[in-house]
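The file entry18.txt comes next; it holds compact mmCIF, C-alpha atoms.
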# COMPACT_ATOMS: atom_id res chain seq x y z
CA MET A 1 -57.98 -49.51 34.74
CA ASN A 2 -58.54 -46.08 36.28
CA ASP A 3 -62.21 -45.25 35.61
CA GLU A 4 -61.67 -41.56 36.29
CA ARG A 5 -58.80 -41.42 33.80
CA LEU A 6 -60.80 -43.34 31.21
CA ALA A 7 -63.64 -40.83 31.62
CA LYS A 8 -61.16 -38.00 30.99
CA ILE A 9 -59.81 -39.75 27.89
CA LYS A 10 -63.37 -40.21 26.60
CA LYS A 11 -63.99 -36.47 26.90
CA ILE A 12 -60.79 -35.68 24.99
CA LEU A 13 -61.41 -38.26 22.27
CA GLY A 14 -64.94 -36.99 21.82
CA HIS A 15 -63.37 -34.06 19.95
CA PHE A 16 -62.09 -36.62 17.41
CA ALA A 17 -65.34 -38.62 17.23
CA LEU A 18 -63.62 -41.63 18.79
CA LYS A 19 -64.98 -43.96 21.47
CA PRO A 20 -62.21 -45.60 23.50
CA ARG A 21 -62.71 -49.16 24.70
CA HIS A 22 -59.59 -49.28 26.84
CA TYR A 23 -56.07 -47.85 26.98
CA GLU A 24 -52.49 -48.56 28.00
CA GLN A 25 -50.23 -45.83 29.38
CA TYR A 26 -46.56 -45.39 28.41
CA GLY A 27 -45.30 -42.28 30.20
CA LYS A 28 -47.01 -39.29 28.58
CA VAL A 29 -48.48 -41.40 25.78
CA TYR A 30 -51.73 -43.37 25.91
CA LYS A 31 -52.26 -46.27 23.55
CA ILE A 32 -55.94 -45.99 22.74
CA PHE A 33 -58.01 -48.98 21.59
CA SER A 34 -61.09 -47.41 20.02
CA ASP A 35 -64.03 -48.21 17.81
CA LYS A 36 -62.05 -46.96 14.80
CA GLY A 37 -58.67 -48.57 15.47
CA VAL A 38 -55.60 -48.05 17.63
CA PHE A 39 -54.26 -44.53 18.23
CA ALA A 40 -51.62 -42.71 20.26
CA LEU A 41 -52.78 -39.82 22.46
CA LYS A 42 -49.98 -37.68 23.84
CA LYS A 43 -49.99 -35.05 26.59
CA ILE A 44 -47.70 -32.01 26.33
CA SER A 45 -47.41 -28.52 27.76
CA PRO A 46 -49.70 -26.01 25.97
CA TYR A 47 -46.69 -23.72 25.56
CA GLN A 48 -45.12 -26.27 23.20
CA GLY A 49 -48.25 -26.75 21.12
CA THR A 50 -48.23 -23.73 18.79
CA ASN A 51 -44.71 -24.12 17.43
CA PHE A 52 -44.97 -27.91 17.37
CA ILE A 53 -47.97 -27.96 15.01
CA ARG A 54 -46.56 -25.13 12.89
CA TYR A 55 -43.27 -26.98 12.38
CA LEU A 56 -45.04 -30.20 11.39
CA GLN A 57 -47.09 -28.34 8.79
CA TYR A 58 -43.93 -26.63 7.54
CA LEU A 59 -42.18 -29.99 7.00
CA PHE A 60 -45.16 -31.49 5.19
CA GLN A 61 -45.24 -28.45 2.89
CA ARG A 62 -41.53 -28.97 2.19
CA GLY A 63 -42.22 -32.53 1.11
CA TYR A 64 -40.92 -34.35 4.17
CA ASN A 65 -43.38 -37.13 5.00
CA ARG A 66 -41.46 -39.34 7.43
CA ILE A 67 -43.36 -37.82 10.34
CA VAL A 68 -46.15 -39.55 12.19
CA PRO A 69 -49.15 -37.35 11.25
CA VAL A 70 -51.27 -35.48 13.80
CA TYR A 71 -55.03 -35.84 13.36
CA PRO A 72 -57.26 -32.75 13.51
CA THR A 73 -60.31 -32.54 15.74
CA LEU A 74 -63.82 -32.26 14.28
CA ASP A 75 -63.51 -28.45 14.26
CA GLY A 76 -60.05 -28.47 12.63
CA ARG A 77 -57.79 -28.01 15.65
CA PHE A 78 -54.67 -30.14 16.08
CA GLY A 79 -54.87 -30.36 19.85
CA VAL A 80 -57.32 -30.42 22.75
CA LEU A 81 -56.67 -28.27 25.81
CA TYR A 82 -57.83 -30.10 28.92
CA GLU A 83 -56.88 -29.47 32.56
CA GLN A 84 -53.86 -27.30 31.70
CA HIS A 85 -52.41 -29.82 29.25
CA LEU A 86 -52.57 -30.09 25.46
CA TYR A 87 -53.43 -33.48 23.96
CA TYR A 88 -52.84 -34.48 20.35
CA LEU A 89 -53.73 -37.64 18.45
CA MET A 90 -51.61 -39.80 16.11
CA PRO A 91 -51.83 -43.28 14.60
CA TRP A 92 -50.21 -45.97 16.71
CA LEU A 93 -47.28 -47.56 14.87
CA SER A 94 -46.23 -51.12 15.65
CA ASN A 95 -42.54 -50.11 15.94
CA GLU A 96 -41.34 -53.63 15.24
CA THR A 97 -37.86 -53.24 13.80
CA LYS A 98 -36.96 -55.65 11.03
CA GLU A 99 -33.24 -54.88 11.27
CA ASP A 100 -30.48 -54.88 13.84
CA ARG A 101 -29.81 -51.97 16.19
CA SER A 102 -26.99 -50.49 14.10
CA ARG A 103 -29.17 -50.42 10.97
CA GLN A 104 -31.87 -48.67 12.97
CA HIS A 105 -29.44 -45.88 13.83
CA GLU A 106 -28.27 -45.63 10.22
CA GLN A 107 -31.83 -45.23 8.96
CA MET A 108 -32.52 -42.63 11.63
CA PHE A 109 -29.46 -40.60 10.63
CA ARG A 110 -30.36 -40.90 6.96
CA GLU A 111 -33.84 -39.55 7.69
CA LEU A 112 -32.41 -36.80 9.88
CA ALA A 113 -30.19 -35.72 6.99
CA ARG A 114 -33.21 -35.65 4.67
CA LEU A 115 -35.18 -33.62 7.21
CA HIS A 116 -32.34 -31.08 7.41
CA ALA A 117 -31.84 -31.02 3.63
CA LEU A 118 -35.52 -30.31 2.94
CA SER A 119 -35.77 -27.60 5.59
CA VAL A 120 -32.42 -25.85 5.01
CA GLN A 121 -32.42 -22.13 4.32
CA GLU A 122 -29.97 -19.25 4.39
CA VAL A 123 -30.36 -16.76 7.20
CA SER A 124 -28.71 -13.38 7.70
CA VAL A 125 -26.00 -13.13 10.34
CA ASN A 126 -25.40 -9.91 12.22
CA LYS A 127 -21.64 -9.30 12.22
CA GLU A 128 -21.71 -7.49 15.56
CA ASP A 129 -23.60 -10.39 17.16
CA LYS A 130 -21.03 -12.83 15.80
CA VAL A 131 -18.16 -10.76 17.21
CA ARG A 132 -19.86 -10.58 20.60
CA HIS A 133 -20.49 -14.34 20.58
CA TYR A 134 -16.87 -15.03 19.65
CA GLU A 135 -15.39 -12.71 22.26
CA LYS A 136 -17.78 -13.87 24.99
CA THR A 137 -17.03 -17.54 24.27
CA LEU A 138 -13.27 -17.00 24.33
CA TYR A 139 -13.58 -15.01 27.56
CA GLU A 140 -15.58 -17.82 29.19
CA TRP A 141 -13.07 -20.42 28.01
CA GLU A 142 -10.16 -18.35 29.36
CA LYS A 143 -11.88 -18.15 32.74
CA GLU A 144 -12.32 -21.93 32.66
CA GLU A 145 -8.62 -22.31 31.87
CA GLU A 146 -7.74 -20.16 34.88
CA LEU A 147 -9.99 -22.35 37.03
CA LEU A 148 -8.42 -25.59 35.80
CA GLU A 149 -4.85 -24.33 36.20
CA GLY A 150 -5.63 -22.82 39.60
CA PHE A 151 -7.14 -26.07 40.82
CA LEU A 152 -4.11 -27.99 39.51
CA GLU A 153 -1.79 -25.74 41.52
CA HIS A 154 -4.01 -26.21 44.56
CA CYS A 155 -3.83 -30.00 44.21
CA GLU A 156 -0.07 -30.06 43.71
CA SER A 157 0.46 -27.91 46.79
CA ARG A 158 -1.28 -30.44 49.02
CA VAL A 159 0.79 -32.80 51.16
CA TYR A 160 -1.86 -35.49 50.75
CA MET A 161 -4.22 -35.21 47.80
CA SER A 162 -7.80 -36.38 48.03
CA PRO A 163 -8.82 -39.15 45.59
CA PHE A 164 -10.57 -36.56 43.42
CA GLU A 165 -7.53 -34.28 43.36
CA LEU A 166 -5.18 -37.13 42.48
CA LEU A 167 -7.45 -38.31 39.68
CA TYR A 168 -7.75 -34.77 38.34
CA CYS A 169 -3.97 -34.38 38.18
CA LEU A 170 -3.71 -37.65 36.25
CA TYR A 171 -6.37 -36.46 33.78
CA TYR A 172 -5.19 -32.86 33.44
CA ILE A 173 -3.04 -33.24 30.30
CA ASP A 174 -5.88 -34.89 28.37
CA ILE A 175 -8.31 -32.20 29.54
CA LYS A 176 -5.91 -29.46 28.47
CA ARG A 177 -5.34 -31.00 25.02
CA ALA A 178 -9.08 -31.35 24.41
CA ARG A 179 -9.66 -27.73 25.43
CA GLN A 180 -6.88 -26.48 23.16
CA TYR A 181 -8.20 -28.48 20.21
CA ALA A 182 -11.68 -27.06 20.75
CA LYS A 183 -10.29 -23.53 21.03
CA ASP A 184 -8.18 -23.87 17.85
CA LYS A 185 -11.18 -25.09 15.84
CA PHE A 186 -13.35 -22.30 17.22
CA GLN A 187 -10.82 -19.66 16.24
CA SER A 188 -10.49 -21.22 12.79
CA TRP A 189 -14.27 -21.07 12.43
CA TYR A 190 -14.29 -17.38 13.28
CA GLU A 191 -11.45 -16.57 10.87
CA LYS A 192 -13.25 -18.51 8.14
CA THR A 193 -16.61 -16.79 8.67
CA GLU A 194 -15.56 -13.34 9.90
CA ASP A 195 -16.81 -11.57 6.76
CA GLN A 196 -19.71 -13.89 5.96
CA GLU A 197 -23.19 -12.41 6.26
CA LYS A 198 -25.12 -15.64 5.67
CA ALA A 199 -25.35 -18.99 7.43
CA ARG A 200 -27.37 -22.17 7.02
CA ALA A 201 -30.30 -22.97 9.30
CA VAL A 202 -32.39 -26.13 9.38
CA LEU A 203 -35.40 -27.28 11.33
CA SER A 204 -33.90 -29.44 14.04
CA HIS A 205 -35.89 -32.27 15.60
CA GLY A 206 -34.89 -31.23 19.12
CA LYS A 207 -34.11 -34.60 20.66
CA ILE A 208 -33.34 -37.39 18.26
CA SER A 209 -33.17 -40.90 19.68
CA THR A 210 -34.29 -44.37 18.66
CA GLU A 211 -37.22 -43.89 21.06
CA HIS A 212 -38.39 -41.01 18.86
CA PHE A 213 -37.92 -42.91 15.60
CA VAL A 214 -40.62 -45.55 15.18
CA TYR A 215 -41.52 -48.05 12.48
CA ASP A 216 -44.74 -48.96 10.71
CA ASP A 217 -45.83 -52.44 9.62
CA LYS A 218 -43.85 -52.14 6.37
CA GLY A 219 -40.59 -51.31 8.13
CA TYR A 220 -40.51 -47.59 7.27
CA GLY A 221 -39.15 -45.29 9.97
CA TYR A 222 -40.91 -42.12 11.14
CA PHE A 223 -39.95 -39.36 13.55
CA ILE A 224 -42.19 -38.50 16.47
CA ASN A 225 -41.90 -36.01 19.35
CA PHE A 226 -41.23 -32.71 17.58
CA GLU A 227 -42.16 -30.63 20.63
CA LYS A 228 -38.61 -29.28 21.01
CA SER A 229 -38.12 -28.44 17.33
CA ARG A 230 -36.62 -25.11 16.34
CA HIS A 231 -34.73 -23.45 13.52
CA GLY A 232 -30.96 -23.41 13.97
CA SER A 233 -27.73 -25.20 13.21
CA PRO A 234 -27.81 -28.90 12.22
CA LEU A 235 -25.38 -29.40 15.09
CA ASN A 236 -28.29 -28.90 17.49
CA ASP A 237 -29.42 -32.44 16.63
CA LEU A 238 -26.07 -34.15 16.09
CA LEU A 239 -24.05 -33.09 19.14
CA PRO A 240 -26.52 -33.88 21.96
CA PHE A 241 -27.24 -37.32 20.53
CA LEU A 242 -23.56 -38.23 20.18
CA SER A 243 -22.77 -36.96 23.68
CA ARG A 244 -25.53 -39.11 25.16
CA LYS A 245 -24.38 -42.12 23.14
CA LEU A 246 -20.76 -41.74 24.24
CA ARG A 247 -21.55 -41.21 27.93
CA THR A 248 -20.67 -44.77 28.85
CA PHE A 249 -17.75 -46.98 29.76
CA PRO A 250 -14.59 -46.55 27.64
CA LYS A 251 -15.25 -47.83 24.13
CA LYS A 252 -14.15 -47.35 20.56
CA CYS A 253 -17.42 -46.34 18.95
CA ASP A 254 -16.74 -47.02 15.29
CA GLN A 255 -20.50 -47.21 14.81
CA CYS A 256 -20.79 -43.56 15.87
CA VAL A 257 -18.34 -42.63 13.11
CA GLU A 258 -20.39 -44.58 10.57
CA TRP A 259 -23.61 -42.89 11.71
CA ILE A 260 -22.00 -39.48 11.26
CA TYR A 261 -20.85 -40.33 7.75
CA THR A 262 -24.27 -41.75 6.91
CA TYR A 263 -25.67 -38.33 7.77
CA LEU A 264 -22.92 -36.50 5.85
CA LYS A 265 -23.59 -38.61 2.75
CA TYR A 266 -27.08 -37.12 2.47
CA PHE A 267 -26.45 -33.70 4.01
CA PRO A 268 -22.76 -32.67 3.95
CA LEU A 269 -21.72 -30.05 6.48
CA THR A 270 -20.00 -26.95 5.17
CA GLU A 271 -16.39 -26.31 6.12
CA GLU A 272 -17.50 -23.74 8.71
CA GLU A 273 -20.05 -26.13 10.23
CA THR A 274 -17.42 -28.88 10.38
CA LEU A 275 -15.06 -26.60 12.31
CA LEU A 276 -17.82 -25.77 14.81
CA PHE A 277 -18.75 -29.45 15.05
CA HIS A 278 -15.18 -30.37 16.05
CA SER A 279 -14.93 -27.44 18.45
CA TYR A 280 -18.15 -28.01 20.38
CA PHE A 281 -17.87 -31.80 20.24
CA SER A 282 -14.35 -31.94 21.66
CA ARG A 283 -14.79 -29.35 24.42
CA PRO A 284 -14.71 -31.16 27.81
CA GLY A 285 -17.54 -29.14 29.32
CA PRO A 286 -18.84 -31.83 31.74
CA ILE A 287 -15.39 -32.26 33.31
CA ILE A 288 -15.00 -28.50 33.73
CA ARG A 289 -18.39 -28.22 35.46
CA THR A 290 -17.55 -31.13 37.77
CA VAL A 291 -14.20 -29.60 38.79
CA GLU A 292 -15.78 -26.19 39.36
CA THR A 293 -18.55 -27.64 41.53
CA TYR A 294 -16.07 -29.70 43.56
CA TYR A 295 -13.80 -26.67 44.05
CA LYS A 296 -16.70 -24.52 45.30
CA THR A 297 -18.23 -27.18 47.56
CA ARG A 298 -17.19 -26.81 51.19
CA ARG A 299 -17.36 -30.49 52.11
CA PRO A 300 -17.71 -32.46 48.87
CA ASP A 301 -18.90 -36.05 48.77
CA GLU A 302 -15.61 -37.55 47.61
CA SER A 303 -17.04 -40.79 46.30
CA ARG A 304 -19.76 -39.07 44.25
CA PHE A 305 -17.38 -36.53 42.71
CA VAL A 306 -14.75 -39.16 41.87
CA LYS A 307 -17.43 -41.16 40.06
CA GLN A 308 -18.57 -38.06 38.12
CA LEU A 309 -15.02 -37.14 37.17
CA GLN A 310 -14.25 -40.66 35.97
CA GLN A 311 -17.45 -40.88 33.90
CA ASN A 312 -16.81 -37.48 32.31
CA TYR A 313 -13.25 -38.49 31.53
CA TRP A 314 -14.54 -41.61 29.77
CA LEU A 315 -16.82 -39.35 27.74
CA LEU A 316 -13.82 -37.19 26.82
CA LYS A 317 -11.79 -40.20 25.65
CA ASN A 318 -14.73 -41.76 23.78
CA THR A 319 -15.28 -38.45 22.01
CA GLU A 320 -11.58 -38.13 21.27
CA TYR A 321 -11.62 -41.51 19.53
CA VAL A 322 -14.52 -40.51 17.27
CA ILE A 323 -12.87 -37.20 16.38
CA MET A 324 -9.52 -38.85 15.59
CA ARG A 325 -11.24 -41.39 13.34
CA MET A 326 -12.99 -38.57 11.51
CA VAL A 327 -9.72 -36.65 11.12
CA GLU A 328 -8.03 -39.78 9.79
CA ARG A 329 -10.81 -40.42 7.27
CA GLU A 330 -10.64 -36.85 6.02
CA ARG A 331 -6.85 -37.09 5.69
CA MET A 332 -7.12 -40.29 3.67
CA LYS A 333 -9.81 -38.72 1.49
CA GLN A 334 -7.59 -35.72 0.74
CA GLU A 335 -4.65 -37.99 -0.10
CA GLU A 336 -6.81 -40.02 -2.49
CA GLU A 337 -8.05 -36.86 -4.18
CA ALA A 338 -4.47 -35.57 -4.51
CA LEU A 339 -3.30 -38.85 -6.08
CA LYS A 340 -6.26 -38.80 -8.45
CA ALA A 341 -5.46 -35.23 -9.48
CA GLN A 342 -1.85 -36.16 -10.13
CA ALA A 343 -2.93 -39.11 -12.25
CA GLU A 344 -5.20 -36.84 -14.30
CA GLU A 345 -2.36 -34.39 -14.87
CA GLY A 346 -0.06 -37.21 -15.97
CA LYS A 347 -2.40 -38.34 -18.75
Using structure tokens, write down the structure from this file.
Amino acid sequence: MNDERLAKIKKILGHFALKPRHYEQYGKVYKIFSDKGVFALKKISPYQGTNFIRYLQYLFQRGYNRIVPVYPTLDGRFGVLYEQHLYYLMPWLSNETKEDRSRQHEQMFRELARLHALSVQEVSVNKEDKVRHYEKTLYEWEKEEELLEGFLEHCESRVYMSPFELLYCLYYIDIKRARQYAKDKFQSWYEKTEDQEKARAVLSHGKISTEHFVYDDKGYGYFINFEKSRHGSPLNDLLPFLSRKLRTFPKKCDQCVEWIYTYLKYFPLTEEETLLFHSYFSRPGPIIRTVETYYKTRRPDESRFVKQLQQNYWLLKNTEYVIMRMVERERMKQEEEALKAQAEEGK
């Protein structure tokens, strides 16, 4: 054990009246074995500290208690500034899951929905800002379309295509369809909300993952790592997680669909939020960035770019499967509601 580091930890824990016996390090987190039990001491940037503590207090005031609490120091502070880092103290949870991996994700999404539901509020939307956002986004997407079409023409004009160029031509139709679907949903969102002056905002976790959702001895799940929390759309939590989960080999992720509907059961998205969800989720941004970088690189590493393009195409197809399953479920739901309405009228 590093004696110098242990001496530093002793100084920090002195502010909490704790005497560490020894510790184990897991990245930025220290598992502290002290005279008063086992604790977690985490190191973060001091710039994250103010908002982080404020958001935790806000959630507790709203009645959300599935957060690992942060202990105050002897003088009431929730962090100790030491050598240009901020340290805060929490209880150490065993994190022994008593359920399979899928159930763990379901519980996490259920708790995320509760977090959003308890923190939701209406915020004013500036119409001019919305128009600027809409026009800027469409302009950027049109420039991307010009890039993709221009690169396609460049590839087709070659006598011998490179492996990357050949693969891009094979993928182009799927890329174009995904872009058009995203654009259609985005335009529908704008038409739906053009005259609205209010929108929903929630406190987003910032980076949900099973690593940031831990369990106590009784099997209850708690969120940790709120350093990237902020007020905004619920999509700020959903979309990054799903994109990370689907960045893998080709697969039909029916579990992802179930996780989404677990969330929607406890915190349904509005029609406008659903349109934005489909738009941002389906947009093949990683592929576009890969093509643009390849096009602008003088002597690209062919093998590396082919690998990137293939992986991003798998992400596109995995995402497409989830979206199509969601569309199918919504269609079936509407048909069931229509049949039910007809049966009620026939009575």
Discussion item. Using all atoms listed in the file for the distances, tell me which of A:Val80, A:Arg283, A:Gly63, A:Pro91 is nearest to Ile32 of chain A.
Written reply: A:Pro91
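Here atom CA of Gly76 of chain A and atom CA of Gln61 of chain A stand 17.7 Å from one another.
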Go through segment 199-258 of chain A residue by residue and, counting all atoms listed in the file, keep those with an atom at most 7 Å from segment 117-136 of chain A; for each kept residue give the shortest atom pair and its distance in Å to one decimal, ordered by chain and increasing number, as CSV.
residue,atom,partner,partner_atom,distance
A:Ala199,CA,A:Val123,CA,5.5
A:Arg200,CA,A:Glu122,CA,4.7
A:Ala201,CA,A:Gln121,CA,5.5
A:Val202,CA,A:Val120,CA,4.4
A:Leu203,CA,A:Ser119,CA,5.8
Worksheet entry | Long-range neighbours of Lys42 of chain A as JSON, numbers by chain, 12 Å cut-off, all atoms listed in the file, 6 positions minimum in chain | {"A": [9, 12, 13, 24, 25, 26, 27, 28, 29, 30, 31, 32, 49, 70, 71, 78, 79, 80, 81, 85, 86, 87, 88, 89, 90, 91, 92, 224, 225, 226, 227]}
Discussion item. Which residues are near Thr290 of chain A? Cut-off 9 Å, only C-alpha atoms, ignore same chain within fewer than 2 positions. Put them as a VMD selection string.
Written reply: chain A and resid 285 to 288 292 to 295 305 308 to 309 312
Worksheet entry | Polymer residues at most 6 Å from (-12.8, -27.0, 20.5) by all atoms listed in the file, as a count of residues only | 10
As JSON: centre and edge lengths in Å, one decimal, of the axis-aligned box holding segment 197-207 of chain A with 5 Å per side:
{"center_x": -29.5, "center_y": -23.5, "center_z": 13.2, "size_x": 22.7, "size_y": 32.2, "size_z": 25.0}
Worksheet entry | Who sits within 10 Å of Leu56 of chain A, all atoms listed in the file, same chain under 6 positions skipped, as a list of chain:residue names | A:Arg62, A:Tyr64, A:Asn65, A:Ile67, A:Val68, A:Pro69, A:Val70, A:Phe226, A:Glu227, A:Ser229
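Of the listed residues A:Ser162, A:Thr319, A:Gln196, A:Thr262, the one whose atoms come nearest to Leu239 of chain A is A:Thr319, with distances taken using all atoms listed in the file.
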Fill in: Å distance separating atom CA of Pro250 of chain A from atom CA of Glu142 of chain A, one decimal place
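Taking atom CA of Pro250 of chain A and atom CA of Glu142 of chain A, their separation equals 28.6 Å.
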Worksheet item: Just how far from atom CA of Gln84 of chain A is atom CA of Pro46 of chain A, in Å to one decimal?
Response: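 Straight-line distance from atom CA of Pro46 of chain A to atom CA of Gln84 of chain A works out to 7.2 Å.
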Response to the item:
Restricting to all atoms listed in the file, whichever of A:Glu345, A:Glu149, A:Asp254, A:Glu272 is closest to Met324 of chain A is A:Asp254
Discussion item. Counting only C-alpha atoms, which residues have an atom no more than 10 Å from (-32.2, -39.0, 6.1) in the file's coordinates? Please list them as number ranges by chain.
Written reply: A: 66, 106-118, 262-267
Output for the residues just chosen: C-alpha atoms as a PDB file, in the frame of the given file:
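Wrote out-v7.pdb, looks like this:
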ATOM      1  CA  ARG A  66     -41.460 -39.340   7.430  1.00  0.00           C
ATOM      2  CA  GLU A 106     -28.270 -45.630  10.220  1.00  0.00           C
ATOM      3  CA  GLN A 107     -31.830 -45.230   8.960  1.00  0.00           C
ATOM      4  CA  MET A 108     -32.520 -42.630  11.630  1.00  0.00           C
ATOM      5  CA  PHE A 109     -29.460 -40.600  10.630  1.00  0.00           C
ATOM      6  CA  ARG A 110     -30.360 -40.900   6.960  1.00  0.00           C
ATOM      7  CA  GLU A 111     -33.840 -39.550   7.690  1.00  0.00           C
ATOM      8  CA  LEU A 112     -32.410 -36.800   9.880  1.00  0.00           C
ATOM      9  CA  ALA A 113     -30.190 -35.720   6.990  1.00  0.00           C
ATOM     10  CA  ARG A 114     -33.210 -35.650   4.670  1.00  0.00           C
ATOM     11  CA  LEU A 115     -35.180 -33.620   7.210  1.00  0.00           C
ATOM     12  CA  HIS A 116     -32.340 -31.080   7.410  1.00  0.00           C
ATOM     13  CA  ALA A 117     -31.840 -31.020   3.630  1.00  0.00           C
ATOM     14  CA  LEU A 118     -35.520 -30.310   2.940  1.00  0.00           C
ATOM     15  CA  THR A 262     -24.270 -41.750   6.910  1.00  0.00           C
ATOM     16  CA  TYR A 263     -25.670 -38.330   7.770  1.00  0.00           C
ATOM     17  CA  LEU A 264     -22.920 -36.500   5.850  1.00  0.00           C
ATOM     18  CA  LYS A 265     -23.590 -38.610   2.750  1.00  0.00           C
ATOM     19  CA  TYR A 266     -27.080 -37.120   2.470  1.00  0.00           C
ATOM     20  CA  PHE A 267     -26.450 -33.700   4.010  1.00  0.00           C
TER      21      PHE A 267
END
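The list of residues with at least one atom within 10 Å of Arg247 of chain A, based on only C-alpha atoms and without residues fewer than 4 positions apart in the same chain, reads Leu242, Ser243, Lys251, Gln311, Asn312, Tyr313, Trp314, Leu315, Leu316, Asn318 and Thr319 of chain A.
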Generate the output file for the selected residues, C-alpha atoms, as a compact mmCIF listing (two decimals), in the frame of the given file.
# COMPACT_ATOMS: atom_id res chain seq x y z
CA LEU A 242 -23.56 -38.23 20.18
CA SER A 243 -22.77 -36.96 23.68
CA LYS A 251 -15.25 -47.83 24.13
CA GLN A 311 -17.45 -40.88 33.90
CA ASN A 312 -16.81 -37.48 32.31
CA TYR A 313 -13.25 -38.49 31.53
CA TRP A 314 -14.54 -41.61 29.77
CA LEU A 315 -16.82 -39.35 27.74
CA LEU A 316 -13.82 -37.19 26.82
CA ASN A 318 -14.73 -41.76 23.78
CA THR A 319 -15.28 -38.45 22.01
Discussion item. Using all atoms listed in the file, which protein or nucleic acid residues come within 8 Å of Thr210 of chain A? Drop anything in the same chain fewer than 2 positions from it, and give the result as a VMD selection string.
Written reply: chain A and resid 104 to 105 108 208 212 to 214
Practice prompt. Would you mind telling me which residue in A:Lys176, A:Ser233, A:Phe281, A:Val306 lies nearest to Glu146 of chain A when using only C-alpha atoms?
Written response: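 With only C-alpha atoms as the atom set, the closest residue is A:Lys176.
Comparing A:Asn95, A:Thr73, A:Thr248, A:Gln342 by their smallest distance to Gly221 of chain A, the closest is A:Asn95 (using only C-alpha atoms).
Shortest separation to Tyr171 of chain A among A:Leu148, A:Leu59, A:Ala338, A:Ala7 occurs at residue A:Leu148, atoms counted being all atoms listed in the file.
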Can you spit out segment 126-138 of chain A with N, CA and C atoms, as an mmCIF file, in the first residue's frame, from the structure just given?
data_model
loop_
_atom_site.group_PDB
_atom_site.id
_atom_site.type_symbol
_atom_site.label_atom_id
_atom_site.label_comp_id
_atom_site.auth_asym_id
_atom_site.auth_seq_id
_atom_site.Cartn_x
_atom_site.Cartn_y
_atom_site.Cartn_z
ATOM 1 N N ASN A 126 -38.158 29.915 -25.945
ATOM 2 C CA ASN A 126 -38.103 31.099 -26.792
ATOM 3 C C ASN A 126 -38.347 30.677 -28.244
ATOM 4 N N LYS A 127 -39.390 31.229 -28.853
ATOM 5 C CA LYS A 127 -39.765 30.833 -30.210
ATOM 6 C C LYS A 127 -38.653 31.123 -31.208
ATOM 7 N N GLU A 128 -37.996 32.267 -31.043
ATOM 8 C CA GLU A 128 -36.917 32.618 -31.970
ATOM 9 C C GLU A 128 -35.753 31.641 -31.850
ATOM 10 N N ASP A 129 -35.446 31.216 -30.621
ATOM 11 C CA ASP A 129 -34.374 30.228 -30.427
ATOM 12 C C ASP A 129 -34.735 28.897 -31.078
ATOM 13 N N LYS A 130 -36.021 28.513 -30.968
ATOM 14 C CA LYS A 130 -36.453 27.263 -31.583
ATOM 15 C C LYS A 130 -36.319 27.317 -33.103
ATOM 16 N N VAL A 131 -36.718 28.461 -33.687
ATOM 17 C CA VAL A 131 -36.611 28.620 -35.135
ATOM 18 C C VAL A 131 -35.147 28.543 -35.567
ATOM 19 N N ARG A 132 -34.283 29.217 -34.815
ATOM 20 C CA ARG A 132 -32.857 29.190 -35.162
ATOM 21 C C ARG A 132 -32.295 27.783 -35.058
ATOM 22 N N HIS A 133 -32.697 27.051 -34.003
ATOM 23 C CA HIS A 133 -32.228 25.673 -33.838
ATOM 24 C C HIS A 133 -32.709 24.802 -34.998
ATOM 25 N N TYR A 134 -33.967 24.962 -35.377
ATOM 26 C CA TYR A 134 -34.534 24.172 -36.463
ATOM 27 C C TYR A 134 -33.826 24.460 -37.779
ATOM 28 N N GLU A 135 -33.669 25.722 -38.099
ATOM 29 C CA GLU A 135 -33.044 26.103 -39.369
ATOM 30 C C GLU A 135 -31.566 25.714 -39.407
ATOM 31 N N LYS A 136 -30.874 25.895 -38.284
ATOM 32 C CA LYS A 136 -29.461 25.526 -38.230
ATOM 33 C C LYS A 136 -29.284 24.026 -38.399
ATOM 34 N N THR A 137 -30.149 23.239 -37.727
ATOM 35 C CA THR A 137 -30.054 21.779 -37.823
ATOM 36 C C THR A 137 -30.311 21.305 -39.248
ATOM 37 N N LEU A 138 -31.363 21.842 -39.874
ATOM 38 C CA LEU A 138 -31.652 21.446 -41.253
ATOM 39 C C LEU A 138 -30.518 21.834 -42.191
#
